[in-house]
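Trainee: Sharing start-v9.csv below, CSV, C-alpha atoms:
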chain,number,residue,atom,x,y,z
A,58,MET,CA,0.5,32.1,21.0
A,59,ALA,CA,-0.7,30.2,24.0
A,60,GLU,CA,-4.1,30.0,22.4
A,61,TYR,CA,-2.7,28.2,19.4
A,62,VAL,CA,-0.7,25.7,21.5
A,63,LEU,CA,-3.9,25.1,23.5
A,64,ILE,CA,-5.8,24.3,20.3
A,65,LEU,CA,-3.2,21.9,19.2
A,66,VAL,CA,-3.1,20.1,22.6
A,67,SER,CA,-6.8,20.1,22.8
A,68,THR,CA,-7.4,18.6,19.4
A,69,VAL,CA,-4.6,16.0,19.6
A,70,LEU,CA,-5.2,14.7,23.1
A,71,VAL,CA,-8.3,16.0,24.8
A,72,ASN,CA,-10.9,16.2,22.1
A,73,ASN,CA,-9.3,13.5,20.0
A,74,ILE,CA,-11.3,13.2,16.8
A,75,VAL,CA,-11.5,9.4,17.0
A,76,LEU,CA,-11.6,8.6,20.7
A,77,ALA,CA,-13.5,11.6,22.1
A,78,ARG,CA,-15.7,12.7,19.1
A,79,PHE,CA,-16.0,9.3,17.5
A,80,LEU,CA,-15.5,10.5,14.0
A,81,GLY,CA,-13.5,8.6,11.4
A,82,LEU,CA,-14.1,5.2,12.9
A,83,CYS,CA,-14.1,3.3,9.6
A,84,PRO,CA,-10.4,4.0,8.7
A,85,PHE,CA,-9.6,3.6,12.4
A,86,MET,CA,-10.9,0.0,12.3
A,87,GLY,CA,-10.2,-0.6,8.6
A,88,VAL,CA,-6.5,0.3,8.1
A,89,SER,CA,-5.1,-0.4,11.5
A,90,ARG,CA,-4.1,-4.0,10.9
A,91,LYS,CA,-0.5,-3.1,10.0
A,92,LEU,CA,1.7,-0.4,11.3
A,93,GLU,CA,2.9,0.7,7.8
A,94,THR,CA,-0.5,1.1,6.4
A,95,ALA,CA,-1.6,3.0,9.5
A,96,LEU,CA,1.4,5.3,9.1
A,97,GLY,CA,0.5,5.9,5.4
A,98,MET,CA,-3.1,6.5,6.3
A,99,GLY,CA,-2.1,8.9,9.0
A,100,LEU,CA,0.1,10.9,6.7
A,101,ALA,CA,-2.5,11.1,4.0
A,102,THR,CA,-5.2,12.1,6.5
A,103,THR,CA,-3.0,14.9,8.0
A,104,PHE,CA,-2.5,16.2,4.5
A,105,VAL,CA,-6.2,16.1,3.5
A,106,LEU,CA,-7.6,17.3,6.8
A,107,THR,CA,-5.4,20.4,6.9
A,108,LEU,CA,-6.1,21.2,3.3
A,109,SER,CA,-9.9,20.6,3.6
A,110,ALA,CA,-10.2,22.6,6.9
A,111,VAL,CA,-8.5,25.6,5.2
A,112,SER,CA,-10.4,25.4,1.9
A,113,SER,CA,-13.8,24.9,3.5
A,114,GLU,CA,-13.1,27.8,5.9
A,115,LEU,CA,-12.3,30.0,2.8
A,116,VAL,CA,-15.5,28.9,1.0
A,117,ASN,CA,-17.5,29.5,4.1
A,118,THR,CA,-16.1,33.0,4.8
A,119,TYR,CA,-16.1,34.3,1.3
A,120,LEU,CA,-19.0,32.6,-0.4
A,121,LEU,CA,-21.6,31.1,1.9
A,122,ASP,CA,-21.7,33.6,4.7
A,123,PRO,CA,-22.0,36.8,2.6
A,124,LEU,CA,-24.9,35.2,0.6
A,125,GLY,CA,-26.6,33.8,3.8
A,126,LEU,CA,-26.3,30.3,2.5
A,127,GLY,CA,-25.5,28.6,5.8
A,128,TYR,CA,-28.0,25.9,5.2
A,129,LEU,CA,-26.0,24.7,2.1
A,130,ARG,CA,-22.8,24.3,4.2
A,131,THR,CA,-22.6,20.5,4.3
A,132,ILE,CA,-23.2,19.9,0.6
A,133,ALA,CA,-20.8,22.8,-0.3
A,134,PHE,CA,-18.1,21.4,2.0
A,135,ILE,CA,-18.5,17.9,0.5
A,136,LEU,CA,-18.1,19.4,-3.0
A,137,VAL,CA,-15.0,21.5,-2.0
A,138,ILE,CA,-13.2,18.7,-0.2
A,139,ALA,CA,-13.8,16.1,-2.8
A,140,ALA,CA,-12.7,18.4,-5.6
A,141,ILE,CA,-9.6,19.6,-3.9
A,142,VAL,CA,-8.5,16.2,-2.8
A,143,GLN,CA,-8.9,14.9,-6.3
A,144,PHE,CA,-7.0,17.8,-7.7
A,145,THR,CA,-4.2,17.4,-5.2
A,146,GLU,CA,-4.0,13.7,-6.0
A,147,MET,CA,-3.5,14.4,-9.7
A,148,VAL,CA,-0.9,17.0,-9.0
A,149,VAL,CA,1.0,14.8,-6.6
A,150,HIS,CA,0.8,11.9,-9.1
A,151,LYS,CA,2.4,14.0,-11.7
A,152,THR,CA,5.0,15.9,-9.7
A,153,SER,CA,6.2,13.4,-7.1
A,154,PRO,CA,5.9,9.7,-7.7
A,155,VAL,CA,7.6,9.0,-4.3
A,156,LEU,CA,4.9,10.9,-2.4
A,157,TYR,CA,2.2,9.4,-4.6
A,158,ASN,CA,3.4,5.9,-3.8
A,159,LEU,CA,3.3,6.8,-0.1
A,160,LEU,CA,-0.2,8.4,-0.1
A,161,GLY,CA,-1.7,7.3,-3.4
A,162,ILE,CA,-4.2,4.7,-2.4
A,163,TYR,CA,-5.3,6.4,0.8
A,164,LEU,CA,-6.1,9.8,-0.7
A,165,PRO,CA,-9.3,8.9,-2.5
A,166,LEU,CA,-10.3,6.7,0.5
A,167,ILE,CA,-10.5,9.6,2.9
A,168,THR,CA,-12.0,12.2,0.6
A,169,THR,CA,-15.4,12.1,2.1
A,170,ASN,CA,-14.4,10.6,5.4
A,171,CYS,CA,-16.7,11.8,8.2
A,172,ALA,CA,-13.7,13.1,10.2
A,173,VAL,CA,-12.7,15.3,7.4
A,174,LEU,CA,-16.2,16.8,7.0
A,175,GLY,CA,-16.7,16.8,10.7
A,176,VAL,CA,-13.6,19.0,11.3
A,177,ALA,CA,-14.7,21.4,8.6
A,178,LEU,CA,-18.2,21.8,10.2
A,179,LEU,CA,-16.7,22.0,13.7
A,180,ASN,CA,-14.5,24.9,12.5
A,181,VAL,CA,-17.6,26.8,11.5
A,182,GLN,CA,-19.5,25.9,14.6
A,183,GLU,CA,-16.7,27.1,16.9
A,184,GLN,CA,-16.2,30.2,14.7
A,185,HIS,CA,-12.5,29.7,14.1
A,186,GLY,CA,-10.7,32.1,11.8
A,187,PHE,CA,-8.4,31.1,9.0
A,188,LEU,CA,-5.2,30.3,11.0
A,189,LYS,CA,-7.2,28.6,13.8
A,190,SER,CA,-9.1,26.5,11.3
A,191,ALA,CA,-5.8,25.3,9.7
A,192,LEU,CA,-4.4,24.5,13.2
A,193,TYR,CA,-7.6,22.8,14.3
A,194,GLY,CA,-7.5,20.6,11.1
A,195,PHE,CA,-3.8,19.8,11.5
A,196,GLY,CA,-4.2,19.0,15.2
A,197,ALA,CA,-7.2,16.8,14.6
A,198,ALA,CA,-5.2,14.9,11.9
A,199,VAL,CA,-2.2,14.5,14.2
A,200,GLY,CA,-4.5,13.1,16.9
A,201,PHE,CA,-6.0,10.8,14.4
A,202,SER,CA,-2.6,9.6,13.2
A,203,LEU,CA,-1.4,9.1,16.7
A,204,VAL,CA,-4.3,7.0,17.7
A,205,LEU,CA,-4.3,5.1,14.5
A,206,VAL,CA,-0.6,4.2,14.9
A,207,LEU,CA,-1.0,3.3,18.6
A,208,PHE,CA,-4.0,1.1,17.7
A,209,ALA,CA,-2.2,-0.6,14.9
A,210,ALA,CA,0.7,-1.4,17.1
A,211,ILE,CA,-1.7,-2.9,19.7
A,212,ARG,CA,-3.5,-4.9,17.0
A,213,GLU,CA,-0.3,-6.3,15.7
A,214,ARG,CA,0.4,-7.7,19.1
A,215,LEU,CA,-3.2,-8.9,19.5
A,216,ALA,CA,-2.8,-11.0,16.3
A,217,ALA,CA,-0.2,-13.1,18.2
A,218,ALA,CA,-2.0,-13.0,21.6
A,219,ASP,CA,-4.0,-15.8,23.0
A,220,VAL,CA,-7.5,-14.3,22.8
A,221,PRO,CA,-10.6,-16.3,23.9
A,222,VAL,CA,-12.4,-17.6,20.8
A,223,PRO,CA,-15.6,-15.5,21.0
A,224,PHE,CA,-13.5,-12.3,21.2
A,225,ARG,CA,-11.2,-13.0,18.3
A,226,GLY,CA,-11.0,-10.6,15.4
A,227,ASN,CA,-13.0,-7.4,15.4
A,228,ALA,CA,-14.6,-8.0,18.8
A,229,ILE,CA,-11.3,-7.7,20.6
A,230,ALA,CA,-10.4,-4.7,18.4
A,231,LEU,CA,-13.5,-2.9,19.4
A,232,ILE,CA,-12.9,-3.7,23.1
A,233,THR,CA,-9.4,-2.4,22.7
A,234,ALA,CA,-10.7,0.8,21.0
A,235,GLY,CA,-13.1,1.3,23.9
A,236,LEU,CA,-10.3,0.9,26.4
A,237,MET,CA,-8.2,3.4,24.5
A,238,SER,CA,-11.0,5.8,24.5
A,239,LEU,CA,-11.3,5.4,28.3
A,240,ALA,CA,-7.6,6.0,28.7
A,241,PHE,CA,-7.8,9.2,26.6
A,242,MET,CA,-10.6,10.4,28.8
A,243,GLY,CA,-7.8,10.9,31.3
A,244,PHE,CA,-6.6,13.9,29.3
A,245,ALA,CA,-9.9,15.6,29.9
A,246,GLY,CA,-8.6,17.6,32.9
A,247,LEU,CA,-5.5,18.7,30.9
A,248,VAL,CA,-6.9,21.9,29.4
A,249,ARG,CA,-10.3,23.5,29.2
A,250,ALA,CA,-11.1,24.0,25.5
B,262,MET,CA,-36.9,34.2,-5.1
B,263,ILE,CA,-33.6,36.1,-5.1
B,264,ALA,CA,-32.4,33.9,-2.3
B,265,VAL,CA,-33.1,30.7,-4.2
B,266,LEU,CA,-31.4,32.0,-7.3
B,267,ALA,CA,-28.4,33.1,-5.3
B,268,ALA,CA,-28.2,29.7,-3.7
B,269,ILE,CA,-28.4,27.9,-7.1
B,270,ALA,CA,-25.9,30.3,-8.6
B,271,ALA,CA,-23.4,30.0,-5.8
B,272,LEU,CA,-23.4,26.2,-5.6
B,273,GLY,CA,-23.7,25.8,-9.3
B,274,GLY,CA,-20.8,28.2,-9.9
B,275,LEU,CA,-18.8,26.4,-7.3
B,276,ALA,CA,-19.5,23.0,-8.9
B,277,LEU,CA,-18.7,24.4,-12.3
B,278,ALA,CA,-15.5,26.0,-11.2
B,279,PHE,CA,-14.3,22.7,-9.5
B,280,GLY,CA,-15.4,20.7,-12.5
B,281,ALA,CA,-13.4,22.9,-14.8
B,282,LEU,CA,-10.4,22.7,-12.5
B,283,LEU,CA,-10.6,18.9,-12.4
B,284,GLY,CA,-11.1,18.6,-16.1
B,285,TYR,CA,-8.1,20.9,-16.7
B,286,ALA,CA,-6.0,19.0,-14.2
B,287,SER,CA,-6.8,15.6,-15.7
B,288,ARG,CA,-5.4,16.8,-19.0
B,289,ARG,CA,-2.6,19.0,-17.7
B,290,PHE,CA,-1.3,16.4,-15.1
B,291,LYS,CA,-2.0,13.3,-17.1
B,292,VAL,CA,0.4,10.6,-16.2
B,293,GLU,CA,1.7,8.3,-18.9
B,294,GLY,CA,1.6,5.1,-16.9
B,295,ASN,CA,2.7,2.0,-18.6
B,296,PRO,CA,-0.1,-0.6,-18.3
B,297,LEU,CA,2.1,-3.1,-20.2
B,298,ALA,CA,4.7,-3.2,-17.4
B,299,ASP,CA,1.9,-3.9,-14.9
B,300,GLN,CA,0.6,-6.8,-17.0
B,301,ILE,CA,4.1,-8.2,-17.4
B,302,GLU,CA,4.8,-7.9,-13.7
B,303,HIS,CA,1.6,-9.8,-13.1
B,304,LEU,CA,3.0,-12.7,-15.0
B,305,LEU,CA,6.3,-12.8,-13.3
B,306,PRO,CA,6.7,-15.2,-10.3
B,307,GLN,CA,7.4,-12.4,-7.8
B,308,THR,CA,10.3,-14.2,-6.2
B,309,GLN,CA,12.4,-11.0,-6.5
B,310,CYS,CA,15.4,-13.3,-6.8
B,311,GLY,CA,17.3,-11.0,-9.2
B,312,GLN,CA,18.6,-13.9,-11.4
B,313,CYS,CA,17.4,-12.0,-14.5
B,314,GLY,CA,20.0,-9.3,-13.7
B,315,PHE,CA,17.5,-6.7,-12.6
B,316,ALA,CA,16.8,-5.7,-9.0
B,317,GLY,CA,13.5,-7.5,-8.8
B,318,CYS,CA,10.4,-8.5,-10.8
B,319,ARG,CA,9.1,-4.9,-11.2
B,320,PRO,CA,12.4,-3.5,-12.8
B,321,TYR,CA,12.6,-6.6,-15.1
B,322,ALA,CA,8.9,-6.1,-16.1
B,323,GLU,CA,9.6,-2.4,-16.9
B,324,ALA,CA,12.7,-3.4,-18.9
B,325,ILE,CA,10.7,-5.9,-21.0
B,326,ALA,CA,8.0,-3.2,-21.5
B,327,ARG,CA,10.7,-0.8,-22.8
B,328,GLY,CA,12.0,-3.5,-25.0
B,329,GLU,CA,15.4,-3.5,-23.3
B,330,ALA,CA,15.3,-7.0,-21.9
B,331,ASP,CA,14.5,-10.4,-23.4
B,332,ILE,CA,11.6,-12.4,-22.2
B,333,ASN,CA,13.7,-15.5,-21.3
B,334,LEU,CA,15.7,-14.4,-18.4
B,335,CYS,CA,13.5,-15.6,-15.5
B,336,PRO,CA,14.7,-19.0,-14.2
B,337,PRO,CA,12.1,-19.4,-11.4
B,338,GLY,CA,9.3,-18.7,-13.9
B,339,GLY,CA,10.7,-21.2,-16.3
B,340,GLU,CA,8.9,-22.2,-19.5
B,341,ALA,CA,5.4,-21.3,-18.3
B,342,VAL,CA,6.3,-17.7,-17.7
B,343,ILE,CA,8.2,-17.4,-21.0
B,344,LYS,CA,5.1,-18.8,-22.8
B,345,ALA,CA,2.8,-16.4,-21.0
B,346,LEU,CA,5.1,-13.4,-21.8
B,347,ALA,CA,5.3,-14.5,-25.4
B,348,ASP,CA,1.5,-14.7,-25.7
B,349,LEU,CA,1.2,-11.2,-24.1
B,350,LEU,CA,3.8,-9.6,-26.2
B,351,GLY,CA,3.0,-11.4,-29.4
B,352,VAL,CA,6.5,-12.7,-29.9
B,353,GLU,CA,7.9,-16.2,-30.4
B,354,PRO,CA,8.6,-18.1,-27.1
B,355,LYS,CA,12.3,-18.9,-26.8
B,356,PRO,CA,14.2,-21.2,-24.5
B,357,LEU,CA,15.4,-20.0,-21.1
B,358,ASP,CA,18.7,-18.1,-21.3
B,359,GLU,CA,21.1,-20.9,-20.2
B,360,SER,CA,23.6,-18.4,-18.8
B,361,LYS,CA,20.9,-17.2,-16.3
B,362,ALA,CA,19.3,-20.6,-15.9
B,363,ALA,CA,19.8,-22.9,-13.0
B,364,PRO,CA,20.6,-26.5,-14.1
B,365,ALA,CA,17.8,-28.1,-15.9
B,366,GLU,CA,16.5,-30.2,-13.1
B,367,LYS,CA,14.8,-28.5,-10.2
B,368,ARG,CA,17.0,-28.1,-7.2
B,369,VAL,CA,16.2,-27.0,-3.7
B,370,ALA,CA,18.4,-25.8,-0.9
B,371,VAL,CA,19.2,-28.1,2.0
B,372,ILE,CA,20.8,-27.0,5.3
B,373,ASP,CA,23.3,-29.3,6.9
B,374,GLU,CA,21.8,-29.2,10.4
B,375,ASN,CA,25.0,-30.3,12.2
B,376,THR,CA,27.0,-27.4,10.8
B,377,CYS,CA,24.3,-24.6,11.0
B,378,ILE,CA,25.2,-22.1,13.7
B,379,GLY,CA,21.8,-20.3,13.6
B,380,CYS,CA,23.0,-17.0,12.3
B,381,THR,CA,19.7,-16.2,10.5
B,382,LEU,CA,21.6,-14.7,7.5
B,383,CYS,CA,20.1,-17.1,5.1
B,384,ILE,CA,16.6,-16.3,6.4
B,385,GLN,CA,17.1,-12.7,5.5
B,386,ALA,CA,18.4,-13.6,2.1
B,387,CYS,CA,15.5,-15.9,1.1
B,388,PRO,CA,13.1,-14.0,-1.2
B,389,VAL,CA,10.2,-16.4,-0.6
B,390,ASP,CA,10.5,-17.0,3.1
B,391,ALA,CA,11.2,-20.7,2.6
B,392,ILE,CA,13.7,-20.9,5.5
B,393,LEU,CA,12.5,-21.4,9.0
B,394,GLY,CA,14.6,-20.8,12.2
B,395,ALA,CA,15.5,-18.4,14.9
B,396,ALA,CA,18.7,-16.9,16.2
B,397,LYS,CA,21.0,-19.6,17.7
B,398,GLN,CA,18.5,-22.2,16.6
B,399,MET,CA,19.0,-24.6,13.8
B,400,HIS,CA,17.4,-23.5,10.5
B,401,THR,CA,15.7,-25.6,7.9
B,402,VAL,CA,14.4,-25.2,4.4
B,403,ILE,CA,10.7,-25.8,3.5
B,404,ALA,CA,11.4,-27.8,0.3
B,405,SER,CA,8.0,-27.1,-1.2
B,406,GLU,CA,8.5,-23.4,-0.9
B,407,CYS,CA,12.1,-23.3,-2.2
B,408,THR,CA,12.5,-21.9,-5.7
B,409,GLY,CA,16.1,-23.0,-6.0
B,410,CYS,CA,17.3,-19.4,-6.5
B,411,GLU,CA,20.6,-20.0,-4.6
B,412,LEU,CA,20.4,-16.6,-2.9
B,413,CYS,CA,20.9,-18.2,0.5
B,414,ILE,CA,24.2,-19.8,-0.3
B,415,PRO,CA,26.5,-16.7,-0.4
B,416,PRO,CA,25.5,-15.2,3.0
B,417,CYS,CA,26.1,-18.5,4.9
B,418,PRO,CA,29.3,-18.1,7.0
B,419,VAL,CA,29.8,-21.8,7.5
B,420,GLU,CA,28.8,-23.0,4.1
B,421,CYS,CA,26.3,-25.4,5.3
B,422,ILE,CA,23.7,-24.9,2.5
B,423,ARG,CA,23.8,-27.3,-0.5
B,424,MET,CA,21.6,-27.4,-3.6
B,425,VAL,CA,20.1,-30.9,-3.9
B,426,PRO,CA,18.3,-32.0,-7.1
B,427,VAL,CA,14.7,-33.0,-6.5
B,428,PRO,CA,14.1,-36.5,-7.9
B,429,ARG,CA,11.5,-36.5,-10.7
B,430,GLY,CA,8.3,-38.1,-9.4
B,431,ILE,CA,5.3,-39.4,-11.4
B,432,GLU,CA,3.8,-35.9,-11.1
B,433,ASP,CA,6.4,-33.9,-12.9
B,434,TRP,CA,8.0,-36.5,-15.2
B,435,LYS,CA,8.7,-35.4,-18.7
B,436,TRP,CA,9.9,-36.9,-21.9
B,437,PRO,CA,13.6,-36.6,-22.3
B,438,ALA,CA,14.7,-33.7,-24.5
B,439,PRO,CA,15.2,-34.6,-28.2
B,440,TRP,CA,18.7,-34.8,-29.8
B,441,GLY,CA,20.0,-33.2,-32.9
B,442,PRO,CA,20.2,-29.7,-34.4
B,443,GLN,CA,16.7,-28.8,-33.3
B,444,ALA,CA,17.6,-29.3,-29.6
B,445,PRO,CA,18.4,-25.7,-28.6
B,446,GLN,CA,15.1,-24.4,-29.9
B,447,THR,CA,13.2,-27.1,-28.0
B,448,ALA,CA,15.0,-27.2,-24.7
B,449,ALA,CA,11.7,-28.1,-23.1
B,450,PRO,CA,10.2,-31.1,-24.9
B,451,PRO,CA,6.6,-31.0,-25.9
B,452,SER,CA,4.1,-32.4,-23.5
B,453,ARG,CA,2.1,-35.4,-24.4
B,454,ALA,CA,-1.0,-33.4,-25.3
B,455,GLU,CA,0.9,-31.4,-27.9
B,456,ALA,CA,2.7,-34.4,-29.3
B,457,ALA,CA,-0.5,-36.3,-29.9
As structure tokens, please, write out the structure in this file.
Mentor:
Amino acid sequence: MAEYVLILVSTVLVNNIVLARFLGLCPFMGVSRKLETALGMGLATTFVLTLSAVSSELVNTYLLDPLGLGYLRTIAFILVIAAIVQFTEMVVHKTSPVLYNLLGIYLPLITTNCAVLGVALLNVQEQHGFLKSALYGFGAAVGFSLVLVLFAAIRERLAAADVPVPFRGNAIALITAGLMSLAFMGFAGLVRA
Amino acid sequence: MIAVLAAIAALGGLALAFGALLGYASRRFKVEGNPLADQIEHLLPQTQCGQCGFAGCRPYAEAIARGEADINLCPPGGEAVIKALADLLGVEPKPLDESKAAPAEKRVAVIDENTCIGCTLCIQACPVDAILGAAKQMHTVIASECTGCELCIPPCPVECIRMVPVPRGIEDWKWPAPWGPQAPQTAAPPSRAEAA
């Protein structure tokens, strides 16, 4: 049990996918202008990341490893993730319009996001089992959402702040992201994972 | 050789399986969206004022698309929107429904600044963000943004908002409406270009 809690804390705070591993930076900069879009993106990412971590773990265990096809891992994972996300989008569109309105535009956006693929590959690299993979994906996504929402909140305030002219726009956003990354380094001593 | 074939078979099989799954899903879970409602909504002025009797522009657009609502219920859109809707739907344009319509001349809201107590209620009611002000500060209306929808009048606790007609200037002057039995059909008189 403690092991699973450790994975969760480690992925959310210590090895945060955005601020420590520097994956998924494009949505981090792209959809963090408004708090609501950041929340929607966070939800969609949580959904996709957990799903893709699980499905690529299954493909790896039951198809690639028995046939000794480790070298096809990246391309196979891209295929699996893209197909499963598309399939889920169709099902959600049909069955739950409310959920689709919430996640709709973000789902295709993150299909082949580097964070999604990165988590799937990291799972293989660290030899996680099924449950650990799911938890790792979920934790990474929660970390991503947390950072995205925090960053969006900061950026909303930055919009009204008196920023020196050369730093306006993306420059101050990147500096802020760097400072957030520095702050998250403070979690490094929390657990060893 | 076997390894190569196994790799091709594995990845090819995977791709085929997912392709079949997606193909099946796109038929099985096909959503009958209504593109017409989207087009109609695109033409509406998006003031979300509710004067048409629906909750906003989207519900009104859906009602038109279903054929449950007439095309002449949108006072902020006026004649231009009715014409555009008539073109889109291939029906005859008709005059604005007078029961829904604001008076013929354009009117804007004006806040009596001596009476205003700065309660911000009218700001929350305004669908187009045409009212400026802050709590306990005097509010004012941006006349160029006001659509004359009158939604700010009911919430005002001190009744300091009036509707004031905008005087016709040289920009928006029109020929007076014609008299006679034809008048209801041509509530909006033809412009010069059409008359010529």
Trainee: Taking into account only C-alpha atoms, which residue in the set B:Leu283, B:Cys318, B:Ile422, B:Ala271 is nearest to A:Met147?
Mentor: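 The answer is B:Leu283, which sits nearest to A:Met147.
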Trainee: Output as a list of chain:residue names the set of chain A residues within 9 Å of chain B, with distances taken over all atoms listed in the file.
Mentor: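 Taken together, these residues fit the definition: A:Leu120, A:Leu121, A:Leu124, A:Gly125, A:Leu126, A:Leu129, A:Ile132, A:Ala133, A:Leu136, A:Val137, A:Ala140, A:Ile141, A:Gln143, A:Phe144, A:Met147, A:Val148, A:Val149, A:His150, A:Lys151, A:Thr152.
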Trainee: Output C-alpha atoms for every residue in the selection just made, as an mmCIF file, keeping the file's coordinate frame.
Mentor:
data_model
loop_
_atom_site.group_PDB
_atom_site.id
_atom_site.type_symbol
_atom_site.label_atom_id
_atom_site.label_comp_id
_atom_site.auth_asym_id
_atom_site.auth_seq_id
_atom_site.Cartn_x
_atom_site.Cartn_y
_atom_site.Cartn_z
ATOM 1 C CA LEU A 120 -19.000 32.600 -0.400
ATOM 2 C CA LEU A 121 -21.600 31.100 1.900
ATOM 3 C CA LEU A 124 -24.900 35.200 0.600
ATOM 4 C CA GLY A 125 -26.600 33.800 3.800
ATOM 5 C CA LEU A 126 -26.300 30.300 2.500
ATOM 6 C CA LEU A 129 -26.000 24.700 2.100
ATOM 7 C CA ILE A 132 -23.200 19.900 0.600
ATOM 8 C CA ALA A 133 -20.800 22.800 -0.300
ATOM 9 C CA LEU A 136 -18.100 19.400 -3.000
ATOM 10 C CA VAL A 137 -15.000 21.500 -2.000
ATOM 11 C CA ALA A 140 -12.700 18.400 -5.600
ATOM 12 C CA ILE A 141 -9.600 19.600 -3.900
ATOM 13 C CA GLN A 143 -8.900 14.900 -6.300
ATOM 14 C CA PHE A 144 -7.000 17.800 -7.700
ATOM 15 C CA MET A 147 -3.500 14.400 -9.700
ATOM 16 C CA VAL A 148 -0.900 17.000 -9.000
ATOM 17 C CA VAL A 149 1.000 14.800 -6.600
ATOM 18 C CA HIS A 150 0.800 11.900 -9.100
ATOM 19 C CA LYS A 151 2.400 14.000 -11.700
ATOM 20 C CA THR A 152 5.000 15.900 -9.700
#
Trainee: Applying 10 Å and all atoms listed in the file, which residues near A:Leu231 remain after dropping the ones on its own chain fewer than 6 positions away? List them as a short mmCIF file (atom, residue, chain, number, x, y, z; two decimals) with C-alpha atoms, in the frame of the given file.
Mentor:
data_model
loop_
_atom_site.label_atom_id
_atom_site.label_comp_id
_atom_site.auth_asym_id
_atom_site.auth_seq_id
_atom_site.Cartn_x
_atom_site.Cartn_y
_atom_site.Cartn_z
CA MET A 86 -10.90 0.00 12.30
CA PHE A 224 -13.50 -12.30 21.20
CA MET A 237 -8.20 3.40 24.50
#
Trainee: Find the distance between atom CA of B:Val352 and atom CA of B:Gln312 and write it in Å to one decimal.
Mentor: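 Interatomic distance here is 22.1 Å.
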Trainee: Between A:Ala230, A:Val155, A:Val71, A:Ala197, which residue has the minimum interatomic distance to A:Arg214, considering only C-alpha atoms?
Mentor: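 Going through A:Ala230, A:Val155, A:Val71, A:Ala197 one by one, the smallest distance to A:Arg214 is for A:Ala230.
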Trainee: With distances taken over all atoms listed in the file, which of A:Thr94, A:Ser113, A:Ser89, A:Asn73 is nearest to A:Asn180?
Mentor: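 Ranked by minimum distance to A:Asn180, first place goes to A:Ser113.
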Trainee: When you count all atoms listed in the file, which of these residues is closest to A:Tyr61: A:Asn117, A:Ser190, A:Ser153, A:Thr107?
Mentor: A:Ser190
Trainee: Which residues, written as a list in words, have at least one atom at most 12 Å from B:Ser405, with all atoms listed in the file counted and residues fewer than 6 positions away on the same chain left out?
Mentor: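 Listing them by chain and then by number gives Lys367, Arg368, Val369, Ala370, Val371, Val389, Asp390, Ala391, Ile392 and Val427 of chain B.
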Trainee: Can you work out which one of B:Gln307, B:Gln300, B:Thr401, B:Asn333 has the shortest atom-to-atom distance to B:Ile384, counting all atoms listed in the file?
Mentor: B:Thr401
Trainee: At a cut-off of 10 Å, using all atoms listed in the file, what residues contact A:Ser202? Leave out same-chain residues fewer than 3 positions from it and give the result as a count of residues only.
Mentor: 20
Trainee: So, with only C-alpha atoms as the atoms that count, which of A:Tyr163, A:Tyr119, A:Phe104, A:Phe134 lies closest to A:Val88?
Mentor: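 With only C-alpha atoms as the atom set, the closest residue is A:Tyr163.
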Trainee: Mind rebuilding stretch 122-132 of chain A with N, CA and C atoms and writing that out as a PDB file, in the coordinates of the input?
Mentor:
ATOM      1  N   ASP A 122     -21.232  32.649   3.756  1.00  0.00           N
ATOM      2  CA  ASP A 122     -21.700  33.600   4.700  1.00  0.00           C
ATOM      3  C   ASP A 122     -22.194  34.927   4.126  1.00  0.00           C
ATOM      4  N   PRO A 123     -21.480  35.518   3.153  1.00  0.00           N
ATOM      5  CA  PRO A 123     -22.000  36.800   2.600  1.00  0.00           C
ATOM      6  C   PRO A 123     -23.349  36.597   1.895  1.00  0.00           C
ATOM      7  N   LEU A 124     -23.605  35.410   1.334  1.00  0.00           N
ATOM      8  CA  LEU A 124     -24.900  35.200   0.600  1.00  0.00           C
ATOM      9  C   LEU A 124     -25.941  34.622   1.563  1.00  0.00           C
ATOM     10  N   GLY A 125     -25.582  34.394   2.820  1.00  0.00           N
ATOM     11  CA  GLY A 125     -26.600  33.800   3.800  1.00  0.00           C
ATOM     12  C   GLY A 125     -26.966  32.427   3.429  1.00  0.00           C
ATOM     13  N   LEU A 126     -25.990  31.621   2.961  1.00  0.00           N
ATOM     14  CA  LEU A 126     -26.300  30.300   2.500  1.00  0.00           C
ATOM     15  C   LEU A 126     -25.839  29.210   3.526  1.00  0.00           C
ATOM     16  N   GLY A 127     -25.967  29.542   4.812  1.00  0.00           N
ATOM     17  CA  GLY A 127     -25.500  28.600   5.800  1.00  0.00           C
ATOM     18  C   GLY A 127     -26.085  27.232   5.735  1.00  0.00           C
ATOM     19  N   TYR A 128     -27.317  27.157   5.216  1.00  0.00           N
ATOM     20  CA  TYR A 128     -28.000  25.900   5.200  1.00  0.00           C
ATOM     21  C   TYR A 128     -27.412  24.947   4.075  1.00  0.00           C
ATOM     22  N   LEU A 129     -26.589  25.498   3.186  1.00  0.00           N
ATOM     23  CA  LEU A 129     -26.000  24.700   2.100  1.00  0.00           C
ATOM     24  C   LEU A 129     -24.544  24.242   2.524  1.00  0.00           C
ATOM     25  N   ARG A 130     -24.202  24.505   3.812  1.00  0.00           N
ATOM     26  CA  ARG A 130     -22.800  24.300   4.200  1.00  0.00           C
ATOM     27  C   ARG A 130     -22.331  22.888   3.978  1.00  0.00           C
ATOM     28  N   THR A 131     -23.109  21.908   4.425  1.00  0.00           N
ATOM     29  CA  THR A 131     -22.600  20.500   4.300  1.00  0.00           C
ATOM     30  C   THR A 131     -22.360  20.110   2.910  1.00  0.00           C
ATOM     31  N   ILE A 132     -23.323  20.381   2.036  1.00  0.00           N
ATOM     32  CA  ILE A 132     -23.200  19.900   0.600  1.00  0.00           C
ATOM     33  C   ILE A 132     -22.048  20.701  -0.046  1.00  0.00           C
TER      34      ILE A 132
END
